[in-house]
$ cat data-v4.cif   # mmCIF, C-alpha atoms
data_my_file
loop_
_atom_site.group_PDB
_atom_site.id
_atom_site.type_symbol
_atom_site.label_atom_id
_atom_site.label_comp_id
_atom_site.auth_asym_id
_atom_site.auth_seq_id
_atom_site.Cartn_x
_atom_site.Cartn_y
_atom_site.Cartn_z
ATOM 1 C CA MET A 574 -1.238 41.844 -55.614
ATOM 2 C CA TYR A 575 -3.515 42.125 -58.641
ATOM 3 C CA GLU A 576 -5.437 45.036 -60.111
ATOM 4 C CA LEU A 577 -8.286 45.489 -62.599
ATOM 5 C CA ARG A 578 -7.178 47.753 -65.451
ATOM 6 C CA VAL A 579 -9.352 49.912 -67.755
ATOM 7 C CA LEU A 580 -8.016 49.680 -71.322
ATOM 8 C CA ASN A 581 -10.274 52.184 -73.130
ATOM 9 C CA GLY A 582 -13.212 54.536 -72.697
ATOM 10 C CA LEU A 583 -13.668 57.557 -70.438
ATOM 11 C CA HIS A 584 -11.571 56.038 -67.628
ATOM 12 C CA GLU A 585 -8.739 54.600 -69.772
ATOM 13 C CA GLY A 586 -5.596 54.106 -67.697
ATOM 14 C CA ALA A 587 -7.440 53.706 -64.371
ATOM 15 C CA ALA A 588 -6.680 50.651 -62.216
ATOM 16 C CA LEU A 589 -8.605 49.152 -59.271
ATOM 17 C CA PRO A 590 -6.353 47.382 -56.694
ATOM 18 C CA LEU A 591 -8.059 44.056 -55.910
ATOM 19 C CA SER A 592 -7.984 43.891 -52.123
ATOM 20 C CA GLY A 593 -10.910 41.930 -50.708
ATOM 21 C CA GLU A 594 -13.177 39.225 -52.121
ATOM 22 C CA ARG A 595 -15.889 40.891 -54.292
ATOM 23 C CA TRP A 596 -15.921 43.910 -56.604
ATOM 24 C CA GLN A 597 -19.002 45.469 -58.227
ATOM 25 C CA LEU A 598 -18.543 46.833 -61.769
ATOM 26 C CA GLY A 599 -21.020 49.391 -63.161
ATOM 27 C CA ASN A 600 -22.008 53.051 -63.369
ATOM 28 C CA ALA A 601 -23.603 53.227 -59.901
ATOM 29 C CA ALA A 602 -21.979 55.634 -57.447
ATOM 30 C CA ASP A 603 -21.299 52.827 -54.951
ATOM 31 C CA SER A 604 -19.605 50.533 -57.496
ATOM 32 C CA ASP A 605 -16.077 49.410 -56.657
ATOM 33 C CA LEU A 606 -15.137 50.312 -60.240
ATOM 34 C CA GLN A 607 -17.459 53.066 -61.501
ATOM 35 C CA LEU A 608 -17.609 53.320 -65.308
ATOM 36 C CA SER A 609 -19.506 56.297 -66.741
ATOM 37 C CA ASP A 610 -19.352 55.135 -70.357
ATOM 38 C CA GLY A 611 -22.532 54.687 -72.372
ATOM 39 C CA GLY A 612 -23.927 51.152 -72.345
ATOM 40 C CA VAL A 613 -22.691 50.373 -68.816
ATOM 41 C CA LYS A 614 -25.493 49.382 -66.411
ATOM 42 C CA ALA A 615 -25.743 50.356 -62.742
ATOM 43 C CA SER A 616 -24.798 46.844 -61.587
ATOM 44 C CA HIS A 617 -23.261 45.541 -64.799
ATOM 45 C CA ALA A 618 -21.080 42.651 -63.589
ATOM 46 C CA LEU A 619 -19.455 41.144 -60.501
ATOM 47 C CA LEU A 620 -15.831 40.065 -60.103
ATOM 48 C CA SER A 621 -15.037 37.817 -57.162
ATOM 49 C CA ARG A 622 -12.208 35.667 -55.861
ATOM 50 C CA SER A 623 -12.751 32.072 -54.726
ATOM 51 C CA ALA A 624 -10.612 29.068 -53.894
ATOM 52 C CA GLU A 625 -10.663 28.089 -57.589
ATOM 53 C CA GLY A 626 -9.524 31.529 -58.803
ATOM 54 C CA TRP A 627 -11.085 34.691 -60.243
ATOM 55 C CA VAL A 628 -14.806 34.462 -61.098
ATOM 56 C CA LEU A 629 -16.597 36.851 -63.501
ATOM 57 C CA THR A 630 -20.422 36.983 -63.295
ATOM 58 C CA PRO A 631 -22.717 39.031 -65.613
ATOM 59 C CA MET A 632 -25.421 40.935 -63.686
ATOM 60 C CA GLU A 633 -27.579 43.585 -65.398
ATOM 61 C CA GLY A 634 -25.386 44.093 -68.463
ATOM 62 C CA THR A 635 -23.631 42.187 -71.224
ATOM 63 C CA VAL A 636 -20.104 40.807 -70.747
ATOM 64 C CA CYS A 637 -18.152 39.649 -73.815
ATOM 65 C CA HIS A 638 -14.995 37.633 -74.450
ATOM 66 C CA ARG A 639 -12.121 38.955 -76.554
ATOM 67 C CA HIS A 640 -13.772 37.746 -79.782
ATOM 68 C CA GLY A 641 -17.228 39.111 -78.978
ATOM 69 C CA GLU A 642 -18.761 35.931 -77.564
ATOM 70 C CA ARG A 643 -21.326 36.784 -74.915
ATOM 71 C CA LEU A 644 -20.789 35.469 -71.377
ATOM 72 C CA SER A 645 -24.144 34.031 -70.194
ATOM 73 C CA GLU A 646 -23.139 32.735 -66.751
ATOM 74 C CA GLN A 647 -20.336 33.044 -64.229
ATOM 75 C CA GLN A 648 -16.973 31.790 -65.418
ATOM 76 C CA LEU A 649 -13.448 31.395 -64.094
ATOM 77 C CA TRP A 650 -11.175 34.116 -65.467
ATOM 78 C CA GLN A 651 -7.399 34.044 -65.880
ATOM 79 C CA PRO A 652 -5.121 37.073 -65.395
ATOM 80 C CA GLY A 653 -4.088 38.555 -68.722
ATOM 81 C CA GLU A 654 -7.375 37.759 -70.499
ATOM 82 C CA ILE A 655 -9.484 40.763 -71.497
ATOM 83 C CA PHE A 656 -13.251 41.159 -71.398
ATOM 84 C CA ALA A 657 -15.756 43.864 -72.329
ATOM 85 C CA VAL A 658 -18.268 45.440 -69.943
ATOM 86 C CA GLY A 659 -20.631 47.321 -72.251
ATOM 87 C CA GLY A 660 -18.140 48.984 -74.575
ATOM 88 C CA VAL A 661 -15.270 49.146 -72.049
ATOM 89 C CA TRP A 662 -12.410 46.625 -72.178
ATOM 90 C CA LEU A 663 -10.937 45.448 -68.849
ATOM 91 C CA THR A 664 -8.222 42.999 -67.832
ATOM 92 C CA LEU A 665 -6.747 41.384 -64.721
ATOM 93 C CA ALA A 666 -3.007 41.904 -64.237
ATOM 94 C CA ALA A 667 -0.365 41.883 -61.537
ATOM 95 C CA ALA A 668 0.167 45.384 -60.152
ATOM 96 C CA ASP A 669 3.881 45.333 -61.011
ATOM 97 C CA GLN A 670 3.290 44.102 -64.571
ATOM 98 C CA GLU A 671 3.857 46.611 -67.364
ATOM 99 C CA TRP A 672 0.805 47.777 -69.300
ATOM 100 C CA ASP A 673 0.211 46.425 -72.802
ATOM 101 C CA ASN A 674 0.218 49.419 -75.172
ATOM 102 C CA ARG A 675 -1.643 47.539 -77.914
ATOM 103 C CA PRO A 676 -5.278 48.695 -78.323
ATOM 104 C CA PRO A 677 -7.907 46.140 -77.252
ATOM 105 C CA PRO A 678 -9.784 44.429 -80.105
ATOM 106 C CA PRO A 679 -13.376 45.542 -80.703
ATOM 107 C CA PRO A 680 -16.127 42.972 -80.027
ATOM 108 C CA LEU A 681 -16.782 40.828 -83.080
ATOM 109 C CA PRO A 682 -20.463 40.123 -83.895
ATOM 110 C CA VAL A 683 -21.420 36.472 -83.687
ATOM 111 C CA ALA A 684 -23.362 35.400 -86.771
ATOM 112 C CA SER A 685 -26.608 33.519 -86.192
ATOM 113 C CA GLN A 686 -27.123 30.240 -88.026
ATOM 114 C CA SER A 687 -30.754 31.155 -88.714
ATOM 115 C CA GLU A 688 -29.756 34.466 -90.337
ATOM 116 C CA PRO A 689 -28.571 34.045 -93.945
ATOM 117 C CA ALA A 690 -25.660 35.999 -95.311
ATOM 118 C CA CYS A 691 -26.377 39.509 -96.507
ATOM 119 C CA ALA A 692 -25.419 38.662 -100.039
ATOM 120 C CA ALA A 693 -27.945 35.802 -100.060
ATOM 121 C CA ARG A 694 -30.922 37.855 -98.815
ATOM 122 C CA GLU A 695 -33.750 38.642 -101.186
ATOM 123 C CA PRO A 696 -35.291 42.101 -101.289
ATOM 124 C CA ILE A 697 -38.315 42.698 -99.069
ATOM 125 C CA GLY A 698 -41.556 42.133 -100.909
ATOM 126 C CA GLY A 699 -40.641 39.268 -103.242
ATOM 127 C CA THR A 700 -38.104 38.114 -105.764
ATOM 128 C CA GLN A 701 -35.532 40.297 -107.427
ATOM 129 C CA SER A 702 -36.763 42.373 -110.338
ATOM 130 C CA LYS A 703 -35.679 41.228 -113.759
ATOM 131 C CA PRO A 704 -34.410 43.571 -116.450
ATOM 132 C CA ALA A 705 -36.981 44.674 -118.981
ATOM 133 C CA PRO A 706 -36.808 42.737 -122.219
ATOM 134 C CA ALA A 707 -35.204 44.286 -125.262
ATOM 135 C CA VAL A 708 -38.540 44.392 -127.069
ATOM 136 C CA ARG A 709 -39.924 46.770 -124.415
ATOM 137 C CA ARG A 710 -36.936 49.109 -124.773
ATOM 138 C CA SER A 711 -37.315 49.153 -128.551
ATOM 139 C CA LEU A 712 -40.993 50.050 -128.179
ATOM 140 C CA LEU A 713 -40.052 52.947 -125.843
ATOM 141 C CA ALA A 714 -37.544 54.195 -128.411
ATOM 142 C CA LYS A 715 -40.224 54.163 -131.074
ATOM 143 C CA ILE A 716 -42.700 56.120 -128.901
ATOM 144 C CA LEU A 717 -40.306 58.943 -127.803
ATOM 145 C CA PRO A 718 -38.606 61.208 -130.318
ATOM 146 C CA ARG A 719 -34.839 61.577 -130.362
ATOM 147 C CA TRP A 720 -34.768 64.863 -128.410
ATOM 148 C CA ALA A 721 -37.042 63.412 -125.716
ATOM 149 C CA GLN A 722 -34.746 60.413 -125.301
ATOM 150 C CA ILE A 723 -31.720 62.707 -124.850
ATOM 151 C CA PHE A 724 -33.612 64.899 -122.351
ATOM 152 C CA THR A 725 -34.772 61.866 -120.362
ATOM 153 C CA LEU A 726 -31.254 60.390 -120.230
ATOM 154 C CA SER A 727 -29.732 63.724 -119.142
ATOM 155 C CA SER A 728 -32.364 64.153 -116.425
ATOM 156 C CA LEU A 729 -31.713 60.655 -115.069
ATOM 157 C CA MET A 730 -27.947 61.284 -114.965
ATOM 158 C CA LEU A 731 -28.455 64.616 -113.155
ATOM 159 C CA LEU A 732 -30.839 63.010 -110.646
ATOM 160 C CA THR A 733 -28.382 60.175 -110.000
ATOM 161 C CA PHE A 734 -25.508 62.619 -109.426
ATOM 162 C CA THR A 735 -27.652 64.702 -107.029
ATOM 163 C CA ILE A 736 -28.668 61.649 -104.988
ATOM 164 C CA PHE A 737 -25.071 60.398 -104.690
ATOM 165 C CA SER A 738 -23.871 63.852 -103.610
ATOM 166 C CA TRP A 739 -26.593 64.050 -100.951
ATOM 167 C CA VAL A 740 -25.763 60.567 -99.623
ATOM 168 C CA LEU A 741 -21.985 61.083 -99.530
ATOM 169 C CA GLN A 742 -22.017 64.585 -98.001
ATOM 170 C CA PRO A 743 -22.601 63.459 -94.340
ATOM 171 C CA GLY A 744 -19.866 60.846 -94.679
ATOM 172 C CA ILE A 745 -17.367 63.360 -96.018
ATOM 173 C CA ALA A 746 -18.276 65.822 -93.274
ATOM 174 C CA GLN A 747 -17.855 63.109 -90.634
ATOM 175 C CA GLN A 748 -14.464 62.131 -92.090
ATOM 176 C CA ASN A 749 -13.268 65.742 -91.949
ATOM 177 C CA SER A 750 -14.528 65.998 -88.375
ATOM 178 C CA ASP A 751 -12.634 62.838 -87.381
ATOM 179 C CA GLU A 752 -9.429 64.198 -88.916
ATOM 180 C CA GLU A 753 -9.544 67.340 -86.776
ATOM 181 C CA PRO A 754 -7.032 67.049 -83.920
ATOM 182 C CA GLN A 755 -8.564 66.627 -80.484
ATOM 183 C CA ILE A 756 -7.770 69.513 -78.157
ATOM 184 C CA LYS A 757 -6.716 68.392 -74.680
ATOM 185 C CA PRO A 758 -8.127 70.332 -71.713
ATOM 186 C CA ALA A 759 -5.592 72.727 -70.224
ATOM 187 C CA ILE A 760 -4.571 72.945 -66.551
ATOM 188 C CA ALA A 761 -3.113 76.372 -65.819
ATOM 189 C CA ASN A 762 -2.744 76.497 -62.016
ATOM 190 C CA SER A 763 -1.972 74.344 -58.982
ATOM 191 C CA ASN A 764 -5.556 74.276 -57.689
ATOM 192 C CA GLU A 765 -6.892 72.669 -60.871
ATOM 193 C CA LEU A 766 -4.054 70.131 -60.940
ATOM 194 C CA ARG A 767 -4.489 69.298 -57.247
ATOM 195 C CA SER A 768 -8.192 68.548 -57.822
ATOM 196 C CA VAL A 769 -7.356 66.063 -60.595
ATOM 197 C CA LEU A 770 -4.592 64.417 -58.535
ATOM 198 C CA GLU A 771 -6.760 64.037 -55.433
ATOM 199 C CA GLN A 772 -9.545 62.380 -57.420
ATOM 200 C CA ASP A 773 -7.150 59.919 -59.094
ATOM 201 C CA LEU A 774 -5.445 59.082 -55.781
ATOM 202 C CA ARG A 775 -8.812 58.355 -54.149
ATOM 203 C CA GLU A 776 -9.728 55.998 -56.998
ATOM 204 C CA ARG A 777 -6.491 54.083 -56.379
ATOM 205 C CA GLU A 778 -6.865 54.114 -52.554
ATOM 206 C CA LEU A 779 -3.604 56.066 -52.208
ATOM 207 C CA TYR A 780 -4.997 59.436 -51.076
ATOM 208 C CA ASN A 781 -3.678 59.071 -47.496
ATOM 209 C CA LYS A 782 -0.288 57.704 -48.600
ATOM 210 C CA VAL A 783 0.831 60.364 -51.100
ATOM 211 C CA GLN A 784 1.475 63.986 -50.102
ATOM 212 C CA LEU A 785 0.931 66.871 -52.554
ATOM 213 C CA THR A 786 3.176 69.930 -52.183
ATOM 214 C CA SER A 787 2.043 73.003 -54.146
ATOM 215 C CA THR A 788 4.290 75.814 -55.377
ATOM 216 C CA PRO A 789 3.678 78.590 -57.926
ATOM 217 C CA GLN A 790 5.608 76.465 -60.414
ATOM 218 C CA GLY A 791 3.594 73.249 -59.928
ATOM 219 C CA ILE A 792 2.926 70.265 -57.644
ATOM 220 C CA THR A 793 5.297 67.602 -56.306
ATOM 221 C CA LEU A 794 4.155 64.139 -55.165
ATOM 222 C CA THR A 795 6.047 62.626 -52.217
ATOM 223 C CA GLY A 796 5.551 59.658 -49.911
ATOM 224 C CA ASP A 797 6.959 56.292 -48.862
ATOM 225 C CA LEU A 798 5.019 53.526 -50.626
ATOM 226 C CA GLN A 799 5.039 49.771 -50.837
ATOM 227 C CA GLU A 800 6.945 48.328 -53.770
ATOM 228 C CA ASN A 801 3.781 47.381 -55.703
ATOM 229 C CA GLN A 802 2.226 50.836 -55.184
ATOM 230 C CA LEU A 803 5.086 52.802 -56.758
ATOM 231 C CA PRO A 804 4.322 51.826 -60.408
ATOM 232 C CA ILE A 805 0.619 52.629 -59.848
ATOM 233 C CA VAL A 806 1.493 56.245 -58.985
ATOM 234 C CA GLY A 807 3.911 56.412 -61.909
ATOM 235 C CA ARG A 808 1.251 55.312 -64.394
ATOM 236 C CA MET A 809 -1.229 57.783 -62.897
ATOM 237 C CA VAL A 810 1.202 60.693 -63.399
ATOM 238 C CA ASP A 811 1.949 59.588 -66.986
ATOM 239 C CA SER A 812 -1.790 59.399 -67.727
ATOM 240 C CA ILE A 813 -2.388 62.954 -66.459
ATOM 241 C CA ARG A 814 0.504 64.292 -68.541
ATOM 242 C CA SER A 815 -0.968 62.551 -71.597
ATOM 243 C CA ASP A 816 -4.612 63.599 -71.088
ATOM 244 C CA TYR A 817 -4.067 67.283 -70.212
ATOM 245 C CA GLN A 818 -2.073 70.276 -71.411
ATOM 246 C CA LEU A 819 -0.130 71.091 -68.258
ATOM 247 C CA LYS A 820 0.936 74.720 -67.969
ATOM 248 C CA ILE A 821 2.704 73.972 -64.660
ATOM 249 C CA ALA A 822 5.167 71.306 -63.534
ATOM 250 C CA LEU A 823 4.111 67.889 -62.179
ATOM 251 C CA ASN A 824 6.914 66.048 -60.339
ATOM 252 C CA ASN A 825 6.737 62.519 -58.923
ATOM 253 C CA GLN A 826 9.202 61.977 -56.039
ATOM 254 C CA THR A 827 7.494 59.028 -54.340
ATOM 255 C CA LYS A 828 9.818 56.200 -53.285
ATOM 256 C CA VAL A 829 9.725 52.689 -51.870
ATOM 257 C CA ARG A 830 9.331 52.577 -48.099
ATOM 258 C CA GLU A 831 12.225 50.948 -46.283
ATOM 259 C CA ALA A 832 10.900 48.153 -44.078
ATOM 260 C CA VAL A 833 12.163 48.129 -40.456
ATOM 261 C CA LEU A 834 11.700 45.245 -38.012
ATOM 262 C CA PRO A 835 10.229 46.159 -34.605
ATOM 263 C CA PHE A 836 12.931 44.038 -32.925
ATOM 264 C CA HIS A 837 16.650 43.238 -33.354
ATOM 265 C CA ILE A 838 18.125 39.895 -34.443
ATOM 266 C CA VAL A 839 21.307 38.787 -32.668
ATOM 267 C CA GLN A 840 21.711 35.250 -34.063
ATOM 268 C CA ILE A 841 20.721 33.476 -37.310
ATOM 269 C CA THR A 842 20.880 29.710 -37.864
ATOM 270 C CA SER A 843 20.175 28.155 -41.273
ATOM 271 C CA GLY A 844 19.700 24.534 -42.246
ATOM 272 C CA PRO A 845 16.968 21.972 -41.470
ATOM 273 C CA HIS A 846 16.123 23.664 -38.147
ATOM 274 C CA ALA A 847 16.575 27.273 -39.292
ATOM 275 C CA ASN A 848 15.809 29.837 -36.608
ATOM 276 C CA ILE A 849 16.700 33.280 -35.291
ATOM 277 C CA VAL A 850 17.311 34.672 -31.813
ATOM 278 C CA THR A 851 16.103 38.163 -30.874
ATOM 279 C CA GLU A 852 17.881 40.603 -28.565
ATOM 280 C CA ASP A 853 15.705 39.548 -25.621
ATOM 281 C CA GLY A 854 16.617 35.857 -26.080
ATOM 282 C CA GLN A 855 13.460 34.645 -27.855
ATOM 283 C CA ARG A 856 14.101 31.949 -30.462
ATOM 284 C CA LEU A 857 11.849 31.958 -33.537
ATOM 285 C CA PHE A 858 11.588 29.054 -35.971
ATOM 286 C CA VAL A 859 10.082 29.233 -39.472
ATOM 287 C CA GLY A 860 6.336 29.692 -38.988
ATOM 288 C CA ASP A 861 6.609 31.438 -35.594
ATOM 289 C CA GLU A 862 5.143 34.926 -35.235
ATOM 290 C CA ARG A 863 6.124 38.041 -33.298
ATOM 291 C CA ASN A 864 4.801 41.618 -33.371
ATOM 292 C CA GLY A 865 2.408 40.720 -36.197
ATOM 293 C CA LEU A 866 5.238 39.352 -38.372
ATOM 294 C CA ARG A 867 5.599 35.667 -39.261
ATOM 295 C CA LEU A 868 9.031 34.182 -39.972
ATOM 296 C CA THR A 869 8.537 32.651 -43.440
ATOM 297 C CA GLY A 870 12.058 31.655 -44.468
ATOM 298 C CA ILE A 871 15.809 31.896 -43.970
ATOM 299 C CA THR A 872 17.955 31.833 -47.113
ATOM 300 C CA ALA A 873 21.686 32.095 -47.666
ATOM 301 C CA ASP A 874 21.580 35.887 -47.616
ATOM 302 C CA SER A 875 18.280 37.038 -46.080
ATOM 303 C CA VAL A 876 15.675 36.487 -43.383
ATOM 304 C CA GLN A 877 12.106 36.799 -44.683
ATOM 305 C CA PHE A 878 8.973 37.839 -42.797
ATOM 306 C CA GLY A 879 5.323 38.051 -43.864
ATOM 307 C CA GLY A 880 2.404 40.058 -42.525
ATOM 308 C CA LYS A 881 0.635 43.192 -43.689
ATOM 309 C CA GLU A 882 3.689 43.602 -45.893
ATOM 310 C CA ASN A 883 6.619 41.361 -46.788
ATOM 311 C CA ILE A 884 10.009 42.222 -45.249
ATOM 312 C CA ALA A 885 13.378 40.763 -46.249
ATOM 313 C CA VAL A 886 16.389 41.464 -43.996
ATOM 314 C CA LYS A 887 19.828 40.935 -45.544
ATOM 315 C CA TRP A 888 22.506 39.199 -43.449
#
$ encode --input "data-v4.cif" --output "structure tokens"
Amino acid sequence: MYELRVLNGLHEGAALPLSGERWQLGNAADSDLQLSDGGVKASHALLSRSAEGWVLTPMEGTVCHRHGERLSEQQLWQPGEIFAVGGVWLTLAAADQEWDNRPPPPPLPVASQSEPACAAREPIGGTQSKPAPAVRRSLLAKILPRWAQIFTLSSLMLLTFTIFSWVLQPGIAQQNSDEEPQIKPAIANSNELRSVLEQDLRERELYNKVQLTSTPQGITLTGDLQENQLPIVGRMVDSIRSDYQLKIALNNQTKVREAVLPFHIVQITSGPHANIVTEDGQRLFVGDERNGLRLTGITADSVQFGGKENIAVKW
């Protein structure tokens, strides 16, 4: 199973399990992956799955490759490659694959061939001004007395210093603002923490599969999950611990659900005509189906079934 991961922005750490065929990406309330970041359109892009693979299609907004190249039409997309929707970086990955902790690269601007380099541009309004000839400076020195020359030079230096101070002041203030540590929002009681957990579980389609038990000391998550769902809950809990100052405990006790066959096997035969015999005498060969489970293989140590979930029975 694959999922669409959000690598930065307001929803960093969120993941959309890709069950189905089409997924709408944008800031609309009915989007499959709703992104509230600035620059994201209501119906920004469409991700779909076809016989050829994953297909990414720009809709109302701009979609960029890793190096900032704009995607102008639908294109096949490989898992592991990243792309930008507005200013938000996304990637396709297997649900059980570990997250890459490296920050995504920012979009790189693509230079236009018709636009000359900045260093080669001429000033607006004509050619560059040339320095005044030495004769003109000598004439100015003859006109002004010595004290006037000193006063003029001092005034120019003071004006230059004032202008530079005025220009640099916003930059210095912005730098000091950026250096201030960001204060994480605090969660002081179980009700506030439960609200955050319920919202995150709904986004991951796990709200009905994970139980939340509240105590005065905190909240504990329990539930029997499929193997690929367990790391999703683990990453969600880690993200909450990182984004908030938790004044109460948050414990994750979810575990993998043990698969149980709805019937008993009394005989197993391997080889070219591998088959099993159930307790009521029915013989199933590879490819046969019973109770919604299809016999997919018999190995040297297990019998494998496929259906809504994969089950492997050791023998």
$ residues_around --input "data-v4.cif" --residues "stretch 760-764 of chain A" --least-positions-apart "4" --cutoff "6 Å" --atoms "all atoms listed in the file" --output "PyMOL selection string"
chain A and resi 791+819-820
$ resolve_selection --input "data-v4.cif" --expression "the PyMOL selection byres ((chain A and resi 644) around 10)" --output "list in words"
Leu629, Thr630, Pro631, Thr635, Val636, Cys637, His638, Gly641, Glu642, Arg643, Ser645, Glu646, Gln647, Gln648, Phe656 and Ala657 of chain A
$ residues_near_point --input "data-v4.cif" --point "(10.6, 44.0, -44.7)" --cutoff "7 Å" --atoms "all atoms listed in the file" --output "PyMOL selection string"
chain A and resi 832-834+878+883-886
$ atom_distance --input "data-v4.cif" --atom1 "atom CA of A:Gly660" --atom2 "atom CA of A:His617"
11.6 Å
$ closest_residue --input "data-v4.cif" --among "A:His640, A:His837, A:Arg863, A:Lys614" --to "A:Thr851" --atoms "all atoms listed in the file"
A:His837
$ resolve_selection --input "data-v4.cif" --expression "the PyMOL selection byres ((chain A and resi 800-810) around 7)" --output "PyMOL selection string"
chain A and resi 668-669+798-799+811-814+828-829
$ atom_distance --input "data-v4.cif" --atom1 "atom CA of A:Leu866" --atom2 "atom CA of A:Glu776"
29.1 Å
$ atom_distance --input "data-v4.cif" --atom1 "atom CA of A:Leu620" --atom2 "atom CA of A:Arg595"
5.9 Å
$ decode --input "data-v4.cif" --residues "stretch 653-676 of chain A" --atoms "C-alpha atoms" --output "JSON list (two decimals), in the first residue's frame"
[["chain", "number", "residue", "atom", "x", "y", "z"],
["A", 653, "GLY", "CA", 10.18, 8.32, -4.23],
["A", 654, "GLU", "CA", 10.19, 11.38, -6.53],
["A", 655, "ILE", "CA", 9.08, 14.65, -4.94],
["A", 656, "PHE", "CA", 6.99, 17.42, -6.44],
["A", 657, "ALA", "CA", 5.71, 20.82, -5.30],
["A", 658, "VAL", "CA", 2.05, 21.85, -5.16],
["A", 659, "GLY", "CA", 2.20, 25.62, -4.67],
["A", 660, "GLY", "CA", 4.87, 25.85, -2.00],
["A", 661, "VAL", "CA", 4.22, 22.41, -0.46],
["A", 662, "TRP", "CA", 6.49, 19.45, -1.26],
["A", 663, "LEU", "CA", 4.85, 16.01, -1.57],
["A", 664, "THR", "CA", 6.10, 12.51, -2.38],
["A", 665, "LEU", "CA", 4.77, 9.02, -3.07],
["A", 666, "ALA", "CA", 6.11, 6.28, -0.79],
["A", 667, "ALA", "CA", 5.25, 2.83, 0.48],
["A", 668, "ALA", "CA", 3.39, 3.04, 3.79],
["A", 669, "ASP", "CA", 5.98, 0.88, 5.56],
["A", 670, "GLN", "CA", 8.94, 2.87, 4.21],
["A", 671, "GLU", "CA", 10.78, 5.09, 6.68],
["A", 672, "TRP", "CA", 10.48, 8.84, 6.21],
["A", 673, "ASP", "CA", 13.42, 10.76, 4.75],
["A", 674, "ASN", "CA", 14.50, 13.32, 7.37],
["A", 675, "ARG", "CA", 16.33, 15.49, 4.82],
["A", 676, "PRO", "CA", 14.50, 18.77, 4.05]]
